[in-house]
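One structure below.
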Amino acid sequence: MDWGIKNRISRIIKPKTGKTVMLAVDHGYFLGPTTGLEDARATVAPLAPYADAIMLTRGILRNCADPSWNAPIVLRVSGGASILTELSNETITVTMEEALRLNASAVTNSIFIGAPHEKESLVGLSHLVNEGARYGMPVLAVTAVGKDMKRDARYLGLACRIAAEMGAHFVKTYYCEDFEEIAKSCPVPLIVAGGKKTPELEALALTYQAIQKGAVGVDMGRNIFQSEHPAAMIRAVASVVHEKKSVNEAYALYKHLAGNGQPKTAKRQDPAKRAEKSASSPWD
Ligand code: 5RP
């Protein structure tokens, strides 16, 4: 692997622990103003100091992120569909030159295995890998599977392995039963998404299980920014990922930090409304 690619990856996957806590806030690229991200700047600013990397689009980066933030950027460079249409019908939307201009530490797209536009998404990934090799830019592939396919070890394992075969430097997928089987058959680092909003204790348990079973970290969105106490939550997640804390220890830390007035995000809906909206996300 080229020096530039290794150097960029080491900004994201911290060499000290070999792990990462990425904050995913790219949801708007097809979901629009997702609950908790309506005012992206207000939501992300208090979390940025605790994130090992932030995954977002160039629009949110330019308009809502402060260039002085230290967190490396994982730039979503695909799009073209909305929740109202066929989600797999996306393409590469951002050039590598633009990613370099924005000082991205990695670029990312989704691959849709078993979906109508599977091939285009895989060709898109290959294109990024080819361009990434030219400019020293690592590529994170995000795995999605067709609407009728279960997000289980069989299909996610298939998607992760294909992503690695196409040359992705690291892969983002979902946690599921037998996750260790996916990790065993994927030769590049695996990062798990948080999925729909669940109680904090459950999200911490998911993090713990994923790490135990071979993930190098999380790229968590809704379970952080839709939490009642997002900054407390990201720090609790980090304690599991980097400090090997147990679920109960991390939950105690969450409660402690929440009790100590860790900053909340700006505009929060009541929890029932949030859960309802979150549960109907097309990602789940
Ligand atoms: C989906 C993505 C999102 O960033 C990610 O899945 C959202 O994170 P979470 O599920 O934790 O809210 O890449 O294509």
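Residue names in the structure tokens use chain letters A, B, ... in the order shown, residue numbers from 1 in each chain, and ligand numbers from 1 in the order shown.
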### Message
Any residue with an atom at most 6 Å from ligand 1 counts, using only C-alpha atoms and all ligand atoms. Which are they? Put them as a ChimeraX atom specification.
### Response
/A:24,26-27,142,193-196,220-222
Expected file contents, prior selection, C-alpha atoms, as a compact mmCIF listing (two decimals), in the first residue's frame:
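Dumped to selection-v3.txt:
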# COMPACT_ATOMS: atom_id res chain seq x y z
CA ALA A 24 -21.56 9.36 10.53
CA ASP A 26 -23.97 11.85 5.81
CA HIS A 27 -27.62 10.73 6.13
CA VAL A 142 -20.34 1.00 2.61
CA ALA A 193 -22.70 1.28 11.47
CA GLY A 194 -24.91 1.91 14.47
CA GLY A 195 -28.23 1.41 12.68
CA LYS A 196 -31.55 2.80 13.85
CA MET A 220 -22.07 5.59 14.24
CA GLY A 221 -24.71 8.15 13.42
CA ARG A 222 -28.23 8.04 14.84
May I have the residues within 8 Å of His242 of chain A as a short mmCIF file (atom, residue, chain, number, x, y, z; two decimals) with C-alpha atoms, in the first residue's frame, using only C-alpha atoms and disregarding those fewer than 3 positions away in the same chain?
data_model
loop_
_atom_site.label_atom_id
_atom_site.label_comp_id
_atom_site.auth_asym_id
_atom_site.auth_seq_id
_atom_site.Cartn_x
_atom_site.Cartn_y
_atom_site.Cartn_z
CA THR A 17 -5.24 1.28 19.65
CA LYS A 19 -9.37 1.28 16.43
CA THR A 20 -11.65 4.12 15.39
CA ALA A 238 -15.07 5.54 22.55
CA SER A 239 -14.45 4.02 25.98
#
### Query
Val74 of chain A: which residues within 6 Å, counting only C-alpha atoms, same-chain residues fewer than 6 positions away excluded, as a list in words?
Ile54, Met55, Ala104, Ser105, Ala106 and Val107 of chain A
### Message
Run DSSP on the backbone and tell me which residues of segment 111-190 of chain A come out as alpha helix (DSSP H); list them as a count of residues only.
### Response
37
### Which of A:Ile182, A:Ala231, A:Val218, A:Val129 sits closest to Asp152 of chain A [using only C-alpha atoms]
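Looking at the shortest contact to Asp152 of chain A, the residue is A:Ile182.
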### Task
Could you give me the residues within segment 128-165 of chain A that DSSP places in strand (DSSP E or B), as number ranges by chain?
A: 139-145
### Task
Write out as JSON, numbers by chain which residues come within 8 Å of segment 133-140 of chain A when counting only C-alpha atoms, dropping same-chain ones fewer than 2 positions away.
{"A": [2, 3, 4, 5, 6, 8, 9, 96, 105, 106, 107, 108, 109, 128, 129, 130, 131, 142, 168, 169, 170, 171, 172]}
### Task
Compile the contact shell of Gln212 of chain A as number ranges by chain: residues with an atom at most 12 Å away, counting only C-alpha atoms, same-chain residues fewer than 5 positions apart removed.
A: 19, 175, 178-180, 183, 205-207, 217, 240-241, 244-247
Output for the residues just chosen: C-alpha atoms as a CSV table (one decimal), in the first residue's frame:
chain,number,residue,atom,x,y,z
A,19,LYS,CA,-9.4,1.3,16.4
A,175,TYR,CA,-23.4,-5.9,13.0
A,178,ASP,CA,-22.2,-14.6,13.4
A,179,PHE,CA,-20.4,-11.3,12.7
A,180,GLU,CA,-17.1,-13.1,13.3
A,183,ALA,CA,-14.7,-10.6,9.8
A,205,ALA,CA,-23.6,-3.5,23.7
A,206,LEU,CA,-23.6,-3.6,19.8
A,207,THR,CA,-20.3,-1.7,19.9
A,217,GLY,CA,-14.5,0.4,15.2
A,240,VAL,CA,-15.6,0.6,24.6
A,241,VAL,CA,-13.7,0.9,21.4
A,244,LYS,CA,-11.8,-1.9,26.2
A,245,LYS,CA,-14.5,-0.9,28.8
A,246,SER,CA,-17.3,-3.3,29.4
A,247,VAL,CA,-20.9,-2.4,28.4
### Query
Which residue gives the smallest distance to Phe30 of chain A among A:Pro189, A:Pro199, A:Pro116, A:Gly79, with only C-alpha atoms counted?
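Among A:Pro189, A:Pro199, A:Pro116, A:Gly79, it is A:Gly79 that comes nearest to Phe30 of chain A.
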### Query
Quick one: residues within 10 Å of Phe225 of chain A, only C-alpha atoms counted, chain neighbours fewer than 4 positions away excluded, as a PyMOL selection string?
chain A and resi 23-25+35-37+40+43-44+47+197+220-221+229-231+233-234+264-265+268
### Message
Need the shell around segment 159-163 of chain A: protein/DNA/RNA residues with any atom at most 10 Å away, counting only C-alpha atoms. Skip same-chain ones fewer than 6 positions apart. Format as a VMD selection string?
### Response
chain A and resid 110 to 114 122 125 to 126 140 to 145 153 169 to 173 182 to 188 190
